[in-house]
$ cat query-v4.txt   # compact mmCIF, C-alpha atoms
# COMPACT_ATOMS: atom_id res chain seq x y z
CA MET A 214 77.36 78.57 -82.67
CA ARG A 215 77.21 79.67 -79.04
CA HIS A 216 79.29 76.95 -77.44
CA TYR A 217 80.57 77.92 -73.98
CA LYS A 218 78.51 81.10 -74.06
CA LYS A 219 76.42 81.08 -70.92
CA GLY A 220 73.48 83.39 -70.22
CA ARG A 221 70.96 85.43 -72.18
CA LYS A 222 71.98 87.49 -75.20
CA LEU A 223 69.56 90.30 -74.32
CA GLY A 224 69.23 91.28 -77.96
CA THR A 225 72.79 92.53 -78.45
CA ASP A 226 76.27 91.25 -79.16
CA ALA A 227 78.46 89.88 -76.36
CA SER A 228 80.44 93.05 -75.62
CA HIS A 229 77.33 95.20 -75.41
CA THR A 230 75.60 92.64 -73.17
CA LYS A 231 78.60 92.62 -70.85
CA ALA A 232 78.71 96.44 -70.69
CA MET A 233 74.96 96.65 -70.11
CA LYS A 234 75.07 94.14 -67.26
CA ARG A 235 77.97 95.98 -65.64
CA SER A 236 76.10 99.26 -65.92
CA LEU A 237 72.93 97.79 -64.38
CA VAL A 238 74.89 96.28 -61.48
CA LYS A 239 76.59 99.61 -60.80
CA ALA A 240 73.25 101.43 -60.91
CA LEU A 241 71.73 98.91 -58.51
CA PHE A 242 74.51 99.36 -55.97
CA LEU A 243 74.36 103.15 -56.28
CA ASN A 244 70.57 103.46 -55.96
CA ASP A 245 69.63 100.25 -54.07
CA ARG A 246 66.68 99.87 -56.49
CA ILE A 247 66.29 100.10 -60.27
CA LYS A 248 63.48 99.61 -62.77
CA THR A 249 64.35 97.43 -65.75
CA VAL A 250 63.13 94.63 -68.00
CA GLU A 251 62.58 91.25 -66.32
CA SER A 252 65.15 89.33 -68.37
CA ARG A 253 67.87 91.89 -67.58
CA ALA A 254 67.02 91.80 -63.88
CA LYS A 255 67.22 88.02 -63.81
CA GLU A 256 70.54 88.15 -65.63
CA ILE A 257 72.24 90.60 -63.22
CA ARG A 258 71.04 88.87 -60.06
CA PRO A 259 73.97 86.37 -59.92
CA ASP A 260 76.51 89.15 -60.53
CA VAL A 261 75.13 91.17 -57.60
CA ASP A 262 75.18 88.10 -55.37
CA HIS A 263 78.81 87.37 -56.29
CA ILE A 264 79.91 90.90 -55.43
CA ILE A 265 78.13 90.86 -52.06
CA THR A 266 79.63 87.46 -51.27
CA TRP A 267 83.08 88.84 -52.07
CA ALA A 268 82.36 91.81 -49.81
CA LYS A 269 81.38 89.46 -46.98
CA LYS A 270 84.71 87.68 -47.42
CA GLY A 271 86.45 91.05 -47.23
CA ASP A 272 90.02 90.14 -48.25
CA LEU A 273 92.18 91.90 -50.82
CA HIS A 274 91.61 89.34 -53.56
CA SER A 275 87.83 89.68 -53.18
CA ARG A 276 88.12 93.45 -53.36
CA ARG A 277 90.14 93.22 -56.59
CA LEU A 278 87.58 90.82 -58.09
CA ALA A 279 84.79 93.26 -57.24
CA ILE A 280 86.72 96.17 -58.77
CA ALA A 281 87.17 94.18 -61.98
CA ALA A 282 83.50 93.22 -62.06
CA LEU A 283 82.34 96.82 -61.58
CA GLY A 284 84.64 98.36 -64.18
CA ASN A 285 87.39 99.84 -62.01
CA ASP A 286 85.01 101.85 -59.83
CA LYS A 287 87.08 101.71 -56.63
CA GLU A 288 84.93 104.21 -54.76
CA LEU A 289 81.76 102.14 -55.29
CA VAL A 290 83.55 98.96 -54.22
CA ARG A 291 84.79 100.73 -51.07
CA GLU A 292 81.22 101.76 -50.21
CA ILE A 293 79.89 98.24 -50.77
CA PHE A 294 82.60 96.66 -48.63
CA GLU A 295 82.03 99.23 -45.85
CA LYS A 296 78.28 98.55 -45.80
CA VAL A 297 78.90 94.83 -45.52
CA GLU A 298 81.52 95.35 -42.78
CA GLN A 299 78.91 97.29 -40.80
CA GLY A 300 76.70 94.20 -40.92
CA MET A 301 74.29 94.91 -43.77
CA PHE A 302 74.05 91.33 -45.07
CA GLN A 303 75.66 89.38 -42.22
CA ASP A 304 72.59 87.34 -41.25
CA ARG A 305 71.67 86.52 -44.85
CA GLN A 306 73.08 83.40 -46.56
CA GLY A 307 72.15 84.46 -50.10
CA GLY A 308 69.19 86.02 -51.83
CA TYR A 309 70.43 89.58 -51.60
CA THR A 310 68.08 90.87 -54.30
CA ARG A 311 64.31 91.00 -54.72
CA ILE A 312 62.48 91.24 -58.04
CA MET A 313 58.96 92.71 -58.00
CA LYS A 314 56.90 92.61 -61.19
CA LEU A 315 55.27 95.82 -62.38
CA GLY A 316 53.47 94.73 -65.52
CA PRO A 317 54.01 95.36 -69.22
CA ARG A 318 55.67 98.48 -70.59
CA LYS A 319 53.36 100.72 -72.59
CA GLY A 320 55.39 100.95 -75.80
CA ASP A 321 56.52 97.41 -76.55
CA ASN A 322 54.70 95.34 -73.90
CA ALA A 323 58.00 94.24 -72.30
CA PRO A 324 57.57 92.87 -68.74
CA MET A 325 58.92 95.52 -66.36
CA VAL A 326 60.24 94.83 -62.86
CA ILE A 327 61.90 96.58 -59.96
CA ILE A 328 65.04 94.88 -58.67
CA GLU A 329 66.26 95.97 -55.25
CA LEU A 330 68.74 95.02 -52.60
CA VAL A 331 67.12 93.30 -49.63
CA THR A 332 68.06 95.08 -46.42
CA ASP A 333 65.48 93.53 -44.07
CA PRO A 334 66.91 91.38 -41.29
CA VAL A 335 66.28 87.68 -41.63
CA THR A 336 63.74 86.32 -39.17
CA LYS A 337 64.55 82.79 -38.22
CA LYS A 338 61.69 80.35 -38.03
CA ALA A 339 61.02 78.59 -34.76
CA PRO A 340 62.30 75.04 -34.85
CA LYS A 341 59.54 72.54 -35.35
CA ALA A 342 59.14 69.94 -32.63
CA GLU A 343 59.49 66.56 -34.25
CA PRO A 344 56.74 64.15 -33.27
CA VAL A 345 58.01 61.38 -31.03
CA ALA A 346 57.19 57.93 -32.31
CA GLU A 347 55.03 56.44 -29.56
CA ALA A 348 53.61 52.97 -29.26
CA PRO A 349 50.06 52.78 -30.56
CA LYS A 350 47.55 53.17 -27.76
CA ALA A 351 45.23 50.26 -26.96
CA VAL A 352 41.63 51.15 -27.67
CA ALA A 353 39.42 50.12 -24.75
CA VAL A 354 36.24 48.43 -25.96
CA PRO A 355 33.48 48.82 -23.39
CA ALA A 356 31.84 45.63 -22.18
CA ALA A 357 28.20 44.88 -23.01
CA GLU A 358 27.06 45.72 -19.45
CA GLU A 359 28.72 49.11 -19.59
CA THR A 360 27.03 49.99 -22.86
CA VAL A 361 23.66 49.03 -21.44
CA GLU A 362 24.23 51.23 -18.42
CA VAL A 363 25.33 54.14 -20.58
CA GLU A 364 22.30 53.78 -22.80
CA ALA A 365 20.00 53.52 -19.80
CA GLU A 366 21.51 56.66 -18.30
CA THR A 367 21.23 58.67 -21.46
CA VAL A 368 17.64 57.66 -22.23
CA GLU A 369 16.45 57.40 -18.65
CA PRO A 370 13.24 59.53 -18.73
CA GLU A 371 11.89 57.91 -21.87
CA ALA A 372 12.84 54.43 -20.72
CA VAL A 373 11.01 54.90 -17.43
CA GLU A 374 7.84 55.99 -19.19
CA ALA A 375 8.07 53.13 -21.68
CA GLU A 376 8.58 50.61 -18.89
CA ALA A 377 5.65 52.05 -16.95
CA VAL A 378 3.37 51.81 -19.98
CA GLU A 379 4.45 48.21 -20.63
CA ALA A 380 4.22 47.27 -16.94
CA GLU A 381 0.57 48.36 -16.54
CA PRO A 382 -0.92 45.79 -18.97
CA ALA A 383 1.33 43.10 -17.57
CA ALA A 384 0.28 43.94 -14.00
CA GLU A 385 -3.39 43.91 -14.98
CA ALA A 386 -2.97 40.54 -16.70
CA ALA A 387 -1.24 39.13 -13.60
CA GLU A 388 -4.07 40.35 -11.35
CA ALA A 389 -6.68 38.85 -13.70
CA GLU A 390 -4.92 35.48 -13.58
CA GLU A 391 -4.82 35.56 -9.78
CA LYS A 392 -8.57 36.22 -9.63
CA THR A 393 -9.32 33.38 -11.99
CA GLN A 394 -7.25 31.01 -9.93
CA GLU A 395 -9.11 31.88 -6.73
$ encode --input "query-v4.txt" --output "structure tokens"
Amino acid sequence: MRHYKKGRKLGTDASHTKAMKRSLVKALFLNDRIKTVESRAKEIRPDVDHIITWAKKGDLHSRRLAIAALGNDKELVREIFEKVEQGMFQDRQGGYTRIMKLGPRKGDNAPMVIIELVTDPVTKKAPKAEPVAEAPKAVAVPAAEETVEVEAETVEPEAVEAEAVEAEPAAEAAEAEEKTQE
């Protein structure tokens, strides 16, 4: 049983998996970018992040931990620590690697990726202005007179013609009544 055995097996026994991961991490730090299988890339990502975090700390204990993790390669550890001292990852709070998918490998259809160290500077997002909780605005309901005036103004030419047409028969009827009364 695999009790207390964390991580992927990667198709090998534990010692070979450990050696393979160490080799991939070393290759990544030497070349800044490597092409590998997706599961291996995902498995070495935490190891790379730990080493860079130790380099950002920069003390002797961190250096010794990095040397142990990279298989006693003191020259490589010195280079990593110097790059970090020069400010390579200073503005970044994690996420030092990027995995880009390439597609399946021709022979065995294994998903291939490129894993690389992220060297771009972090661009900070502009702080969002929080909406201030305001009192709800009172909605002004126009009075009946105002609505009539608005309607009369908007339909003024048609209303005038309609009133003129309606006024003519009424005027003629009023004149006829006056004549009959006389």
$ closest_residue --input "query-v4.txt" --among "A:Asp226, A:Glu251, A:Glu298, A:Asp286" --to "Arg311 in chain A" --atoms "only C-alpha atoms"
A:Glu251
$ closest_atom_pairs --input "query-v4.txt" --of "range 259-298 of chain A" --to "range 321-336 of chain A" --cutoff "12 Å" --atoms "all atoms listed in the file" --output "Markdown table"
| residue | atom | partner | partner_atom | distance |
| --- | --- | --- | --- | --- |
| A:Val261 | CA | A:Leu330 | CA | 9.0 |
| A:Asp262 | CA | A:Leu330 | CA | 9.9 |
| A:Ile265 | CA | A:Leu330 | CA | 10.3 |
| A:Ile293 | CA | A:Leu330 | CA | 11.7 |
| A:Lys296 | CA | A:Thr332 | CA | 10.8 |
| A:Val297 | CA | A:Thr332 | CA | 10.9 |
$ axis_aligned_box --input "query-v4.txt" --around "range 289-308 of chain A" --padding-each-side "8 Å" --output "lines of an AutoDock Vina configuration file"
center_x = 77.0
center_y = 92.8
center_z = -48.0
size_x = 31.6
size_y = 34.7
size_z = 30.5
$ closest_residue --input "query-v4.txt" --among "A:Met214, A:Val290, A:Ala254, A:Leu315" --to "Trp267 in chain A" --atoms "only C-alpha atoms"
A:Val290
$ closest_residue --input "query-v4.txt" --among "A:His263, A:His274, A:Arg253, A:Lys269" --to "Met233 in chain A" --atoms "only C-alpha atoms"
A:Arg253
$ closest_residue --input "query-v4.txt" --among "A:Thr230, A:Lys337, A:Tyr217, A:Lys239" --to "Gly284 in chain A" --atoms "all atoms listed in the file"
A:Lys239
$ residues_around --input "query-v4.txt" --residues "Gln306 in chain A" --least-positions-apart "3" --cutoff "10 Å" --atoms "only C-alpha atoms" --output "VMD selection string"
chain A and resid 266 302 to 303 309 335
$ atom_distance --input "query-v4.txt" --atom1 "CA of Phe242 in chain A" --atom2 "CA of His229 in chain A"
20.1 Å
$ atom_distance --input "query-v4.txt" --atom1 "CA of Glu288 in chain A" --atom2 "CA of Gly308 in chain A"
24.2 Å
$ atom_distance --input "query-v4.txt" --atom1 "CA of Asp272 in chain A" --atom2 "CA of Arg291 in chain A"
12.1 Å
$ closest_residue --input "query-v4.txt" --among "A:Thr249, A:Thr310, A:Gln299, A:Ser236" --to "Leu283 in chain A" --atoms "all atoms listed in the file"
A:Ser236
